[in-house]
Structures are given as C-alpha cells and as structure tokens.
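**Q** You'll find run25.txt just under this line, and it carries compact mmCIF, C-alpha atoms and all ligand atoms.
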```txt
# COMPACT_ATOMS: atom_id res chain seq x y z
CA MET Q 179 -22.42 60.45 11.19
CA ASP Q 180 -22.14 63.63 13.23
CA PHE Q 181 -18.47 64.43 13.96
CA THR Q 182 -19.08 67.52 16.11
CA TYR Q 183 -18.39 67.38 19.81
CA SER Q 184 -20.46 69.06 22.50
CA ARG Q 185 -19.16 72.10 24.36
CA GLU Q 186 -18.59 69.92 27.46
CA ASP Q 187 -16.59 67.42 25.43
CA GLU Q 188 -14.44 70.17 23.94
CA ALA Q 189 -13.82 71.56 27.44
CA PHE Q 190 -12.79 68.06 28.51
CA ARG Q 191 -10.45 67.86 25.52
CA ALA Q 192 -8.86 71.19 26.41
CA GLU Q 193 -8.34 70.07 30.02
CA PHE Q 194 -6.66 66.83 28.96
CA ARG Q 195 -4.56 68.54 26.28
CA SER Q 196 -3.26 71.00 28.81
CA TRP Q 197 -2.43 68.20 31.29
CA LEU Q 198 -0.71 66.28 28.51
CA ASP Q 199 1.32 69.34 27.65
CA GLN Q 200 2.49 69.76 31.22
CA ASN Q 201 3.41 66.09 31.54
CA ARG Q 202 4.94 65.57 28.11
CA GLN Q 203 8.32 64.70 29.62
CA TYR Q 204 6.88 61.49 31.10
CA ALA Q 205 5.09 60.27 27.96
CA VAL Q 206 6.44 57.15 26.29
CA PRO Q 207 6.04 56.69 22.52
CA GLN Q 208 2.95 54.91 21.24
CA LEU Q 209 4.39 51.47 20.66
CA GLY Q 210 1.47 49.08 20.72
CA PRO Q 211 1.03 45.91 22.70
CA LEU Q 212 4.11 44.19 21.26
CA ALA Q 213 6.62 46.67 22.60
CA ASP Q 214 9.21 45.10 24.83
CA GLU Q 215 10.66 46.43 28.02
CA ASP Q 216 14.00 47.66 26.80
CA GLU Q 217 12.45 49.57 23.90
CA SER Q 218 11.28 52.61 25.80
CA GLY Q 219 12.32 51.35 29.20
CA TRP Q 220 9.95 49.35 31.37
CA ASP Q 221 10.44 51.82 34.20
CA ALA Q 222 9.48 54.72 31.95
CA THR Q 223 6.39 52.82 30.82
CA LEU Q 224 5.37 52.19 34.42
CA ARG Q 225 6.03 55.83 35.32
CA TRP Q 226 3.78 57.01 32.47
CA HIS Q 227 1.07 54.58 33.61
CA ARG Q 228 1.32 56.00 37.16
CA LYS Q 229 1.28 59.63 35.94
CA LEU Q 230 -1.88 59.07 33.90
CA TYR Q 231 -3.53 57.40 36.88
CA GLU Q 232 -2.59 60.20 39.27
CA GLY Q 233 -3.96 62.71 36.79
CA GLY Q 234 -7.27 60.79 36.72
CA TRP Q 235 -6.88 59.89 33.03
CA LEU Q 236 -7.09 56.10 33.26
CA GLY Q 237 -10.36 54.20 33.60
CA ILE Q 238 -12.31 57.14 32.17
CA THR Q 239 -15.53 55.10 31.99
CA TRP Q 240 -14.93 53.08 35.17
CA PRO Q 241 -17.04 53.84 38.26
CA LYS Q 242 -15.55 56.46 40.60
CA GLU Q 243 -15.80 54.16 43.61
CA TYR Q 244 -13.18 51.89 42.01
CA GLY Q 245 -10.78 54.66 41.08
CA GLY Q 246 -12.24 55.46 37.66
CA ARG Q 247 -13.53 58.80 36.41
CA GLY Q 248 -17.17 57.83 35.89
CA GLY Q 249 -16.96 59.46 32.44
CA THR Q 250 -18.26 58.58 28.99
CA PHE Q 251 -16.97 56.48 26.08
CA LEU Q 252 -16.69 59.70 24.10
CA GLN Q 253 -14.39 61.21 26.72
CA GLU Q 254 -12.28 58.06 26.60
CA THR Q 255 -12.08 58.42 22.82
CA ILE Q 256 -11.09 62.09 23.19
CA CYS Q 257 -8.21 61.08 25.50
CA ASP Q 258 -7.09 58.45 22.98
CA GLN Q 259 -7.24 61.01 20.16
CA GLU Q 260 -5.20 63.56 22.10
CA MET Q 261 -2.59 60.97 23.07
CA GLU Q 262 -2.36 59.87 19.47
CA LEU Q 263 -1.75 63.47 18.36
CA ALA Q 264 0.96 63.77 20.99
CA GLY Q 265 2.57 60.55 19.68
CA THR Q 266 1.88 58.64 22.88
CA GLY Q 267 -0.84 56.31 24.15
CA THR Q 268 -2.01 54.36 27.15
CA PRO Q 269 1.15 52.49 28.17
CA PHE Q 270 0.96 48.74 27.64
CA THR Q 271 1.70 47.26 31.03
CA GLY Q 272 -0.38 44.11 30.44
CA PRO Q 273 -4.07 43.42 29.90
CA GLY Q 274 -5.25 44.70 33.32
CA ILE Q 275 -6.87 47.96 32.24
CA TRP Q 276 -7.75 46.81 28.76
CA LEU Q 277 -9.28 43.37 29.46
CA LEU Q 278 -9.53 42.37 33.11
CA GLY Q 279 -11.02 45.65 34.38
CA PRO Q 280 -14.03 45.79 32.03
CA THR Q 281 -14.64 42.06 32.58
CA LEU Q 282 -14.63 42.46 36.37
CA ILE Q 283 -16.88 45.52 36.18
CA HIS Q 284 -19.36 43.37 34.28
CA TRP Q 285 -19.04 40.03 36.10
CA GLY Q 286 -17.07 40.54 39.32
CA THR Q 287 -18.49 40.41 42.84
CA ASP Q 288 -18.36 43.62 44.91
CA ASP Q 289 -15.45 42.16 46.86
CA GLN Q 290 -13.53 41.36 43.67
CA LYS Q 291 -14.13 44.84 42.28
CA ARG Q 292 -13.05 46.48 45.54
CA ARG Q 293 -9.99 44.24 45.85
CA HIS Q 294 -8.67 44.56 42.33
CA LEU Q 295 -9.92 47.44 40.20
CA ARG Q 296 -8.14 50.37 41.84
CA LYS Q 297 -4.81 48.49 41.83
CA VAL Q 298 -5.29 47.62 38.17
CA LEU Q 299 -5.68 51.29 37.36
CA SER Q 300 -2.82 52.51 39.52
CA GLY Q 301 -0.47 49.92 38.04
CA GLU Q 302 0.31 48.65 41.53
CA GLU Q 303 -0.76 45.18 40.39
CA LEU Q 304 -0.09 44.09 36.82
CA TRP Q 305 -1.95 41.27 35.09
CA CYS Q 306 -1.44 38.66 32.42
CA GLN Q 307 -3.91 36.59 30.43
CA GLY Q 308 -3.88 32.79 30.76
CA TYR Q 309 -6.06 31.70 27.85
CA SER Q 310 -3.92 29.96 25.21
CA GLU Q 311 -2.44 26.53 25.76
CA PRO Q 312 -0.07 24.42 23.66
CA ASN Q 313 -3.11 22.68 22.10
CA ALA Q 314 -5.75 25.40 22.44
CA GLY Q 315 -5.43 28.72 20.60
CA SER Q 316 -8.04 29.50 17.95
CA ASP Q 317 -10.02 26.59 19.34
CA LEU Q 318 -9.77 28.02 22.84
CA ALA Q 319 -12.53 25.86 24.29
CA ALA Q 320 -10.26 22.82 23.74
CA LEU Q 321 -8.23 23.97 26.76
CA GLN Q 322 -7.00 21.23 29.09
CA THR Q 323 -5.82 23.06 32.22
CA ARG Q 324 -7.85 21.55 35.05
CA ALA Q 325 -9.14 23.01 38.31
CA ILE Q 326 -10.48 20.57 40.89
CA GLU Q 327 -12.35 21.87 43.94
CA ARG Q 328 -10.88 20.74 47.27
CA ASP Q 329 -10.91 22.23 50.82
CA GLY Q 330 -12.18 25.68 49.84
CA HIS Q 331 -9.72 25.95 46.93
CA PHE Q 332 -9.39 25.08 43.29
CA ILE Q 333 -6.28 22.98 42.66
CA VAL Q 334 -5.05 24.01 39.22
CA ASN Q 335 -2.82 21.90 36.97
CA GLY Q 336 -1.83 22.58 33.38
CA SER Q 337 0.12 24.94 31.19
CA LYS Q 338 -0.52 28.28 29.49
CA ILE Q 339 1.49 29.54 26.53
CA TRP Q 340 2.25 32.85 24.76
CA THR Q 341 1.42 34.60 28.03
CA SER Q 342 2.40 38.21 27.40
CA LEU Q 343 4.35 39.89 30.19
CA ALA Q 344 3.71 37.02 32.65
CA HIS Q 345 7.21 37.68 33.99
CA ASN Q 346 6.13 41.14 35.12
CA ALA Q 347 2.62 40.24 36.26
CA HIS Q 348 1.39 40.00 39.85
CA TRP Q 349 -1.85 38.28 38.83
CA MET Q 350 -3.19 36.15 36.01
CA PHE Q 351 -6.80 35.68 34.90
CA LEU Q 352 -7.07 32.18 33.47
CA LEU Q 353 -9.50 29.69 32.06
CA ALA Q 354 -9.56 26.18 33.49
CA ARG Q 355 -11.72 23.14 32.99
CA THR Q 356 -13.79 22.44 36.10
CA ASP Q 357 -16.00 19.73 34.58
CA SER Q 358 -14.25 17.32 32.23
CA ASP Q 359 -17.45 15.48 31.31
CA ALA Q 360 -19.37 18.54 30.09
CA PRO Q 361 -19.41 19.62 26.38
CA LYS Q 362 -16.27 21.68 25.68
CA HIS Q 363 -17.79 25.19 25.96
CA LYS Q 364 -19.41 24.21 29.24
CA GLY Q 365 -17.42 23.09 32.27
CA ILE Q 366 -14.92 25.99 32.01
CA SER Q 367 -14.33 28.47 34.85
CA TYR Q 368 -12.66 31.88 34.96
CA LEU Q 369 -10.18 32.23 37.84
CA LEU Q 370 -8.03 35.01 39.28
CA VAL Q 371 -4.62 33.64 40.28
CA ASP Q 372 -1.96 35.32 42.38
CA MET Q 373 1.32 34.75 40.52
CA LYS Q 374 3.17 34.32 43.83
CA THR Q 375 1.21 31.14 44.61
CA PRO Q 376 3.52 28.11 44.98
CA GLY Q 377 3.47 25.79 41.96
CA ILE Q 378 3.74 28.47 39.23
CA ALA Q 379 6.82 28.37 37.00
CA ILE Q 380 7.45 30.84 34.16
CA SER Q 381 9.66 30.02 31.21
CA PRO Q 382 10.55 32.79 28.70
CA LEU Q 383 9.75 32.57 24.97
CA ILE Q 384 12.01 34.81 22.94
CA GLN Q 385 10.53 36.52 19.87
CA MET Q 386 12.40 36.78 16.58
CA THR Q 387 13.08 40.43 17.48
CA GLY Q 388 15.22 39.02 20.29
CA ALA Q 389 12.86 40.51 22.86
CA ARG Q 390 11.16 38.64 25.64
CA HIS Q 391 7.51 39.52 25.32
CA PHE Q 392 5.81 36.30 26.27
CA ASN Q 393 6.22 33.09 28.21
CA GLN Q 394 5.02 29.59 28.89
CA VAL Q 395 3.51 29.29 32.35
CA PHE Q 396 3.37 25.93 34.13
CA LEU Q 397 0.85 25.36 36.91
CA GLU Q 398 1.34 22.45 39.28
CA ASP Q 399 -1.09 21.96 42.16
CA VAL Q 400 -1.67 25.71 42.35
CA ARG Q 401 -4.17 26.53 45.13
CA VAL Q 402 -6.66 29.23 44.18
CA PRO Q 403 -9.26 30.33 46.76
CA ILE Q 404 -12.83 29.57 45.65
CA ALA Q 405 -13.65 33.26 46.14
CA ASN Q 406 -11.37 33.99 43.15
CA ILE Q 407 -13.80 32.58 40.61
CA VAL Q 408 -15.40 35.19 38.33
CA GLY Q 409 -18.99 34.39 37.43
CA VAL Q 410 -20.49 30.97 38.00
CA LYS Q 411 -18.53 27.70 38.16
CA ASN Q 412 -18.61 25.85 34.82
CA GLN Q 413 -20.05 28.93 33.09
CA GLY Q 414 -16.77 30.78 32.65
CA TRP Q 415 -17.06 30.70 28.85
CA GLN Q 416 -19.57 33.56 29.07
CA VAL Q 417 -17.08 35.59 31.13
CA ALA Q 418 -14.27 34.67 28.71
CA LEU Q 419 -16.34 36.02 25.79
CA THR Q 420 -16.68 39.41 27.52
CA THR Q 421 -12.88 39.61 27.77
CA LEU Q 422 -12.55 38.58 24.11
CA ALA Q 423 -14.99 41.29 23.01
CA TYR Q 424 -12.70 43.92 24.57
CA GLU Q 425 -9.63 42.22 23.13
CA ARG Q 426 -10.85 42.68 19.55
CA SER Q 427 -11.05 46.46 20.05
CA SER Q 428 -7.32 46.75 20.67
CA GLY Q 429 -6.83 50.35 19.52
CA GLN Q 430 -5.08 49.29 16.29
CA GLU Q 431 -7.04 51.92 14.36
CA ARG Q 432 -5.25 54.68 16.23
CA ILE Q 433 -1.76 53.20 15.97
CA MET Q 434 -2.00 53.03 12.17
CA THR Q 435 -2.66 56.75 11.65
CA ASN Q 436 0.54 57.60 13.51
CA ARG Q 437 2.42 54.88 11.67
CA VAL Q 438 1.57 56.46 8.29
CA ARG Q 439 2.57 59.88 9.61
CA GLU Q 440 5.95 58.53 10.71
CA LEU Q 441 6.42 56.86 7.33
CA ALA Q 442 5.72 60.16 5.54
CA GLN Q 443 8.30 61.90 7.73
CA LEU Q 444 10.83 59.17 7.00
CA ALA Q 445 10.27 59.54 3.25
CA MET Q 446 10.96 63.27 3.57
CA ARG Q 447 14.16 62.68 5.55
CA LEU Q 448 15.69 59.85 3.49
CA THR Q 449 17.43 60.83 0.28
CA ARG Q 450 18.37 58.99 -2.89
CA ASN Q 451 20.67 60.59 -5.47
CA GLY Q 452 20.47 63.79 -3.47
CA HIS Q 453 16.67 63.98 -3.44
CA PRO Q 454 14.20 63.16 -0.66
CA LEU Q 455 12.41 59.86 -1.33
CA ALA Q 456 9.15 61.77 -0.97
CA ASP Q 457 9.94 63.46 -4.33
CA ASP Q 458 9.23 60.13 -6.01
CA ALA Q 459 5.61 59.99 -7.22
CA GLN Q 460 5.37 56.26 -6.63
CA VAL Q 461 6.52 56.62 -3.03
CA ARG Q 462 3.99 59.41 -2.46
CA GLN Q 463 1.18 57.40 -4.02
CA THR Q 464 1.93 54.35 -1.89
CA ILE Q 465 1.96 56.46 1.27
CA ALA Q 466 -1.33 58.07 0.18
CA GLN Q 467 -2.85 54.59 -0.22
CA PHE Q 468 -1.72 53.69 3.29
CA ALA Q 469 -3.19 56.95 4.59
CA ALA Q 470 -6.52 56.16 2.91
CA ALA Q 471 -6.53 52.67 4.42
CA ALA Q 472 -5.69 54.08 7.88
CA ALA Q 473 -8.53 56.61 7.53
CA ALA Q 474 -10.99 53.85 6.57
CA ILE Q 475 -9.93 51.88 9.65
CA ARG Q 476 -10.33 54.99 11.76
CA TYR Q 477 -13.88 55.58 10.53
CA THR Q 478 -14.74 51.95 11.17
CA GLY Q 479 -13.55 52.69 14.71
CA PHE Q 480 -16.11 55.52 14.86
CA ARG Q 481 -18.82 53.08 13.76
CA GLN Q 482 -17.80 50.85 16.62
CA LEU Q 483 -17.92 53.84 18.99
CA THR Q 484 -21.42 54.74 17.76
CA ARG Q 485 -22.62 51.25 18.69
CA GLN Q 486 -21.03 51.64 22.11
CA LEU Q 487 -22.67 55.05 22.65
CA LYS Q 488 -26.05 53.53 21.78
CA GLY Q 489 -25.48 50.78 24.35
CA LEU Q 490 -25.39 48.08 21.67
CA PRO Q 491 -23.15 44.98 22.02
CA PRO Q 492 -19.88 44.98 20.01
CA GLY Q 493 -20.50 44.33 16.31
CA PRO Q 494 -18.27 42.91 13.59
CA GLU Q 495 -16.37 46.23 13.31
CA GLY Q 496 -13.80 44.91 15.80
CA SER Q 497 -12.97 42.00 13.49
CA SER Q 498 -12.75 44.29 10.49
CA ILE Q 499 -10.43 46.74 12.30
CA LYS Q 500 -8.24 43.98 13.70
CA LEU Q 501 -7.89 42.33 10.30
CA SER Q 502 -7.22 45.44 8.21
CA ALA Q 503 -5.01 47.24 10.76
CA SER Q 504 -2.71 44.25 11.29
CA GLU Q 505 -2.39 43.72 7.53
CA LEU Q 506 -1.73 47.42 6.99
CA GLY Q 507 0.99 47.25 9.66
CA LEU Q 508 2.74 44.51 7.70
CA ARG Q 509 2.35 46.33 4.36
CA ILE Q 510 3.84 49.52 5.80
CA ALA Q 511 6.75 47.69 7.43
CA SER Q 512 7.51 45.80 4.19
CA PHE Q 513 7.38 49.04 2.16
CA VAL Q 514 9.79 50.79 4.54
CA LEU Q 515 12.27 47.95 4.16
CA VAL Q 516 12.14 48.44 0.38
CA LEU Q 517 12.78 52.17 0.89
CA LEU Q 518 15.70 51.49 3.21
CA GLY Q 519 17.31 48.96 0.86
CA PRO Q 520 20.35 47.28 2.44
CA TYR Q 521 20.09 49.60 5.47
CA GLY Q 522 16.81 47.86 6.31
CA LYS Q 523 18.77 44.91 7.66
CA LEU Q 524 20.50 46.97 10.32
CA GLU Q 525 19.22 46.63 13.83
CA ARG Q 526 19.26 48.77 16.92
CA GLY Q 527 22.79 49.50 18.02
CA ASP Q 528 24.17 49.84 14.49
CA GLN Q 529 25.31 53.39 13.77
CA PHE Q 530 23.84 53.32 10.23
CA ALA Q 531 20.43 51.90 11.25
CA ALA Q 532 17.57 54.26 10.30
CA ASP Q 533 15.55 55.44 13.29
CA GLN Q 534 17.71 53.21 15.51
CA GLY Q 535 16.48 50.04 13.82
CA LEU Q 536 12.85 50.80 14.66
CA TRP Q 537 11.46 49.81 11.25
CA THR Q 538 13.48 46.61 11.04
CA ARG Q 539 12.06 45.54 14.37
CA ARG Q 540 8.55 46.54 13.28
CA MET Q 541 8.92 44.30 10.26
CA LEU Q 542 9.91 41.37 12.47
CA GLU Q 543 7.02 41.89 14.88
CA ALA Q 544 4.36 42.73 12.26
CA ARG Q 545 3.14 39.09 12.19
CA GLY Q 546 2.23 39.18 15.87
CA PRO Q 547 -0.89 41.38 15.54
CA MET Q 548 -2.11 39.05 12.77
CA ILE Q 549 -2.16 36.22 15.31
CA TYR Q 550 -3.06 37.60 18.73
CA SER Q 551 -6.61 38.67 19.72
CA GLY Q 552 -7.96 35.94 17.43
CA ALA Q 553 -5.94 35.02 14.31
CA ASN Q 554 -6.83 36.83 11.09
CA GLU Q 555 -8.25 33.67 9.52
CA ILE Q 556 -10.70 33.52 12.43
CA GLN Q 557 -11.65 37.18 11.89
CA ARG Q 558 -12.27 36.36 8.21
CA ASN Q 559 -14.53 33.50 9.29
CA ILE Q 560 -16.47 35.86 11.58
CA LEU Q 561 -16.89 38.46 8.83
CA GLY Q 562 -17.83 35.81 6.27
CA GLU Q 563 -20.48 34.28 8.49
CA ARG Q 564 -21.90 37.32 10.33
CA VAL Q 565 -21.56 40.10 7.76
CA LEU Q 566 -21.67 38.29 4.42
CA GLY Q 567 -24.05 35.56 5.61
CA MET Q 568 -21.86 32.79 4.21
CA PRO Q 569 -22.36 29.24 5.50
CA LYS Q 570 -20.27 28.06 8.45
CA GLY Q 571 -17.14 26.19 7.32
C1 LIG Q 601 2.37 38.49 20.29
C2 LIG Q 601 1.39 37.53 20.87
C3 LIG Q 601 0.96 37.72 22.17
C4 LIG Q 601 0.06 36.81 22.74
N1 LIG Q 601 -0.33 37.00 24.04
C5 LIG Q 601 -1.16 36.10 24.61
C6 LIG Q 601 -1.52 36.22 25.99
O1 LIG Q 601 -1.08 37.14 26.68
N2 LIG Q 601 -2.35 35.30 26.52
C7 LIG Q 601 -2.85 34.26 25.79
O2 LIG Q 601 -3.63 33.48 26.34
N3 LIG Q 601 -2.52 34.10 24.48
C8 LIG Q 601 -1.68 34.99 23.88
N4 LIG Q 601 -1.31 34.83 22.56
C9 LIG Q 601 -1.75 33.62 21.85
C10 LIG Q 601 -2.79 33.84 20.78
O3 LIG Q 601 -4.04 34.13 21.35
C11 LIG Q 601 -2.82 32.58 19.92
O4 LIG Q 601 -1.55 32.46 19.29
C12 LIG Q 601 -3.91 32.63 18.88
O5 LIG Q 601 -5.16 32.51 19.48
C13 LIG Q 601 -3.75 31.51 17.81
O6 LIG Q 601 -3.67 30.29 18.44
P1 LIG Q 601 -2.47 29.26 18.09
O7 LIG Q 601 -1.19 30.00 18.19
O8 LIG Q 601 -2.67 28.05 18.95
O9 LIG Q 601 -2.68 28.88 16.57
P2 LIG Q 601 -3.72 27.83 15.99
O10 LIG Q 601 -5.06 28.07 16.58
O11 LIG Q 601 -3.14 26.47 16.10
O12 LIG Q 601 -3.78 28.27 14.48
C14 LIG Q 601 -2.76 27.92 13.53
C15 LIG Q 601 -3.18 28.46 12.18
O13 LIG Q 601 -4.41 27.82 11.76
C16 LIG Q 601 -5.41 28.80 11.48
N5 LIG Q 601 -6.72 28.33 11.92
C17 LIG Q 601 -7.02 27.77 13.12
N6 LIG Q 601 -8.34 27.49 13.17
C18 LIG Q 601 -8.89 27.90 12.00
C19 LIG Q 601 -10.21 27.91 11.48
N7 LIG Q 601 -11.24 27.44 12.17
N8 LIG Q 601 -10.40 28.42 10.24
C20 LIG Q 601 -9.36 28.92 9.52
N9 LIG Q 601 -8.08 28.95 9.97
C21 LIG Q 601 -7.84 28.45 11.19
C22 LIG Q 601 -4.99 30.02 12.32
O14 LIG Q 601 -5.53 31.21 11.82
C23 LIG Q 601 -3.47 29.97 12.20
O15 LIG Q 601 -3.05 30.54 10.98
C24 LIG Q 601 -0.42 35.72 21.97
C25 LIG Q 601 0.00 35.55 20.65
C26 LIG Q 601 0.91 36.44 20.10
C27 LIG Q 601 1.37 36.22 18.69
```
Transcribe the structure of this file into structure tokens.
**A**
Amino acid sequence: MDFTYSREDEAFRAEFRSWLDQNRQYAVPQLGPLADEDESGWDATLRWHRKLYEGGWLGITWPKEYGGRGGTFLQETICDQEMELAGTGTPFTGPGIWLLGPTLIHWGTDDQKRRHLRKVLSGEELWCQGYSEPNAGSDLAALQTRAIERDGHFIVNGSKIWTSLAHNAHWMFLLARTDSDAPKHKGISYLLVDMKTPGIAISPLIQMTGARHFNQVFLEDVRVPIANIVGVKNQGWQVALTTLAYERSSGQERIMTNRVRELAQLAMRLTRNGHPLADDAQVRQTIAQFAAAAAAIRYTGFRQLTRQLKGLPPGPEGSSIKLSASELGLRIASFVLVLLGPYGKLERGDQFAADQGLWTRRMLEARGPMIYSGANEIQRNILGERVLGMPKG
C-alpha cells in the first residue's frame, strides 16, 4: 500500500488545515453518532455543520450542481484525517449527509436530487432513518409498515422504532411494504416523507444515559406523494441496500484513534499514591494494546478506501471495522472505569466526576454501536460466510 499523497492532495490538506485553524472556535468535539443534544449543545452542533458547509467542506465527493465540491474520496479522507487531528469531526445531525445523500445521488430522480441534496448539505433540512420496526431489526425485510397507492399518493400506516433524532428531523426516508403478497425482499418501496405530514406522531425513547437519542414513530394514514418514491415501486430493497452499504462505513475507525489518545492523556493526569497511572507498566501495556487495535482498524479503513478508489463495490472491510471498533470502544470504556475506581460511578454534574462524567457516559452508551448499523452478530455472520467461506447458518 502506498501511503504517499500527491502534491495536489497535500495542497488540499494545507488549505483545509488552515481553514480549520481559522474556524477552530466553532468546532464541536468528535462525539460519534450517539452523542445527544445537551452534550455539546445541539445549537453548537448545527452551527459547526453550517460553518463546514459554508466553507465548502461538506459533500466533498458530491456533484457541484447539488452543492458538493465535486472532489475525490481521497480528499474526503484527508478532511476526515485533519478533523480527527483537531479533535473534531463531521457533526452528527442525522443520517442526511452520511446515508440519504449518497443513496439519492445513486438512485434519485433529477427532481429529487435538486429538491433535497443542497438542503441536506446545508443542514437546512435534517433527516432520520425509518428502517427498524418493533418486529423487524436484523431481519429488516420482515417490516410490516404498509403503503397503499391511492389518488396520486401512498397512504402509509405502521410504526418505526429506534429512530435516531426523529424529533429534530424535517424528513424521514423509510421502507414500506407496497405488495403484501410478494416474497419478503420484494414488494418493499423506499419513500421520502415530510415529517410535518398529518398522521405522524413521535414518542421519545430514553437511553440508559438519560439522553433522548431515539424515538418510536407512529404513522397513521400518512399521505406521501407518489413522486417521493426512490427507485422503482416494489424494488426498494435494492435502494435500501445502497443505504446500508454506507451505514457500515460509519467512521468508527477514526473515532477509536482519538479515543485511545484521550485515554493515554487521562492516564497521565490521574494519580494513585502520588504517581500518574501511566507510570504503571500494566496500564501502559493495556493502552498500547488498544493503540495497536485502533491502528489495525485504521489500516482496514485504508483497505476499504483503496477499494473505493478503484471503483469497486464495498467489501467485507466495513463489517470488520464495525465489529472491531465497537468492541474496542467497550473495552476502552470498561478499562477506564477500572482506572477511575469508585469515581467511575460519578456522572456529569458531580464535582468529583473525571472529565465531567464523560467516561461514565461512554461506558453506558458503548453497547449502542454494537447494535446499530447491523448488530455485531450479523457482522460475524457476514464475515463467516463471505470471508471465511463458512456455510450459511
Ligand atoms: C443507538 C441506536 C440507534 C439506532 N438508530 C436507528 C435509526 O435511526 N433508524 C433505524 O431504522 N434503526 C435504528 N436503530 C435500530 C437498529 O438498526 C436495530 O436495533 C438493529 O438492526 C437490531 O435490530 P433489533 O433491535 O430488532 O434486534 P434483533 O434483530 O431482534 O436482534 C436481537 C439479538 O439477536 C441477534 N440476532 C438476530 N438475528 C440473528 C442472526 N441471524 N444470527 C445471529 N444473531 C442474530 C442480534 O444480533 C441481537 O443480539 C438504532 C439502534 C441503536 C442501538
């Protein structure tokens, strides 16, 4: 693997680094998709989103006519690397930029692209993802939300669950069954739904961190214009798979490198019997193991990038990254709680809580990444079947 960057790419890096430097005061910490609004401030997150857009640093690979930069995957990676170094990242304001945009670029009509893409990038319209249902998660194709065509509209009835940030979203992309007699992967359609449409009710689901990250969304006789279908009626599963392919590459590989760095800093700051914890060989060795694991994940990310640069479809690297990064996140959080001892139980707001309770909350939310974007057991199945050639279970 050749790790050198071209002169043009280095010039691009310098330009972004300098912009980042000038706009540092707006950057919000790199928190990952589970961050809740009150953590860094929802308004601050939205402001950072807007700043990046105005600077032309969102949608690096998106076509210019839809507000993107028309750049390369490598340039996008360079931006991610620079943000990681600066301790920030693309703000998580929902799955608009990450999932809906690339799906629409691939499958959307010209009208849909013109209507939605620029507003996705600017943050003017935020999105949520209506895939999971109370009885359809890993087995997503078992979904029961129905859309019946009538008078130029789909009439949608059903319920979506675990819908991240639905309470802040202006739009939802959802999957609904449009042919109940077809085999389960057929007869599904992919619809774009305005969240202001009558018949939509949102009920909060509170996480064990106490934060409101996701919701259950009820849809009763919701009228969706036929023009809001993405792809062909009854063939929405193909469109859904495109979204899922982007979902697997969730940027976890970058978050973990920073996480290990923060852990090392914590171990240098915390003292026991008058000595920094980092003086303890066992502590240092554990952190070194985490650093090695984070590096391996990072290089797997480069393998994924290489495929992308060659124009190949996403490979199993996404599953491998998702699986190992989420497990590493849990291992790091558990280790920090051991280091903190009784202080590890203190939450934000307590004067003795280390890093304002950040690590305690990370421990509580570390299970989330093992479930979303396809549960880890499912990733293991994918790796077993596609990489190891094991028989289907
Ligand atoms: C923080 C968070 C945010 C989320 N945000 C969204 C969102 O915005 N939009 C959305 O649509 N969904 C969202 N989800 C839902 C997520 O996609 C589902 O939780 C996930 O797909 C698992 O589905 P489930 O919860 O129904 O569990 P189930 O599918 O019922 O699985 C239960 C358990 O059985 C295991 N299992 C299931 N099938 C198999 C199998 N074939 N082989 C081996 N083990 C298996 C699973 O791994 C899991 O451990 C979110 C979830 C979380 C945790």
**Q** Given the point (10.0, 46.0, 35.0) in the file's coordinates, find the residues that have an atom at most 10 Å from it, counting all atoms listed in the file, and give them as a short mmCIF file (atom, residue, chain, number, x, y, z; two decimals) with C-alpha atoms, keeping the file's coordinate frame.
**A**
```cif
data_model
loop_
_atom_site.label_atom_id
_atom_site.label_comp_id
_atom_site.auth_asym_id
_atom_site.auth_seq_id
_atom_site.Cartn_x
_atom_site.Cartn_y
_atom_site.Cartn_z
CA GLU Q 215 10.66 46.43 28.02
CA ASP Q 216 14.00 47.66 26.80
CA GLY Q 219 12.32 51.35 29.20
CA TRP Q 220 9.95 49.35 31.37
CA ASP Q 221 10.44 51.82 34.20
CA ALA Q 222 9.48 54.72 31.95
CA THR Q 223 6.39 52.82 30.82
CA LEU Q 224 5.37 52.19 34.42
CA THR Q 271 1.70 47.26 31.03
CA LEU Q 343 4.35 39.89 30.19
CA HIS Q 345 7.21 37.68 33.99
CA ASN Q 346 6.13 41.14 35.12
CA ALA Q 347 2.62 40.24 36.26
#
```
**Q** Just want the 12 Å neighbourhood of Q:Leu508, counted on all atoms listed in the file, with same-chain residues fewer than 2 positions away dropped. Output as a list in words.
**A**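 Residues near the query, excluding close chain neighbours: Met434, Arg437, Phe468, Leu501, Ser502, Ala503, Ser504, Glu505, Leu506, Ile510, Ala511, Ser512, Phe513, Val514, Leu515, Trp537, Thr538, Arg539, Arg540, Met541, Leu542, Glu543, Ala544, Arg545, Gly546, Pro547 and Met548 of chain Q.
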**Q** Separation of atom CA of Q:Gly409 and atom CA of Q:Ser316, in Å?
**A**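 Separation of atom CA of Q:Gly409 and atom CA of Q:Ser316: 22.9 Å.
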**Q** Please find the residues contacting ligand LIG 601 (chain Q) at a distance of at most 8 Å between atoms, with only C-alpha atoms and all ligand atoms counted, and report them as a VMD selection string.
**A** chain Q and resid 211 to 212 272 to 273 306 to 318 338 to 344 391 to 392 543 545 to 556 559 571
**Q** Produce a table with one row for each residue of stretch 503-567 of chain Q that has an atom at most 9 Å from any atom of stretch 473-496 of chain Q, each row naming the nearest atom pair and its distance in Å at one decimal; use only C-alpha atoms; arrange rows by chain and rising residue number; format as a tab-separated table.
**A**
```
residue	atom	partner	partner_atom	distance
Q:Ala503	CA	Q:Ile475	CA	6.9
Q:Gln557	CA	Q:Pro494	CA	8.9
Q:Ile560	CA	Q:Pro494	CA	7.5
Q:Leu561	CA	Q:Pro494	CA	6.7
Q:Arg564	CA	Q:Pro494	CA	7.4
Q:Val565	CA	Q:Pro494	CA	7.3
```
**Q** Any chance you could tabulate, as CSV, the residues of stretch 423-495 of chain Q at most 12 Å from stretch 281-303 of chain Q with each one's nearest atom pair and distance in Å to one decimal, using all atoms listed in the file, in chain and rising number order?
**A**
```
residue,atom,partner,partner_atom,distance
Q:Ala423,CA,Q:Thr281,CA,9.6
Q:Tyr424,CA,Q:Thr281,CA,8.4
Q:Glu425,CA,Q:Thr281,CA,10.7
```
**Q** Mind listing as a ChimeraX atom specification all residues within 7 Å of (9.0, 34.0, 32.3), counting all atoms listed in the file?
**A** /Q:344-345,380-382,393-394
**Q** Work out how far apart atom CA of Q:Leu524 and atom CA of Q:Leu536 are and give it in Å to one decimal.
**A** 9.6 Å
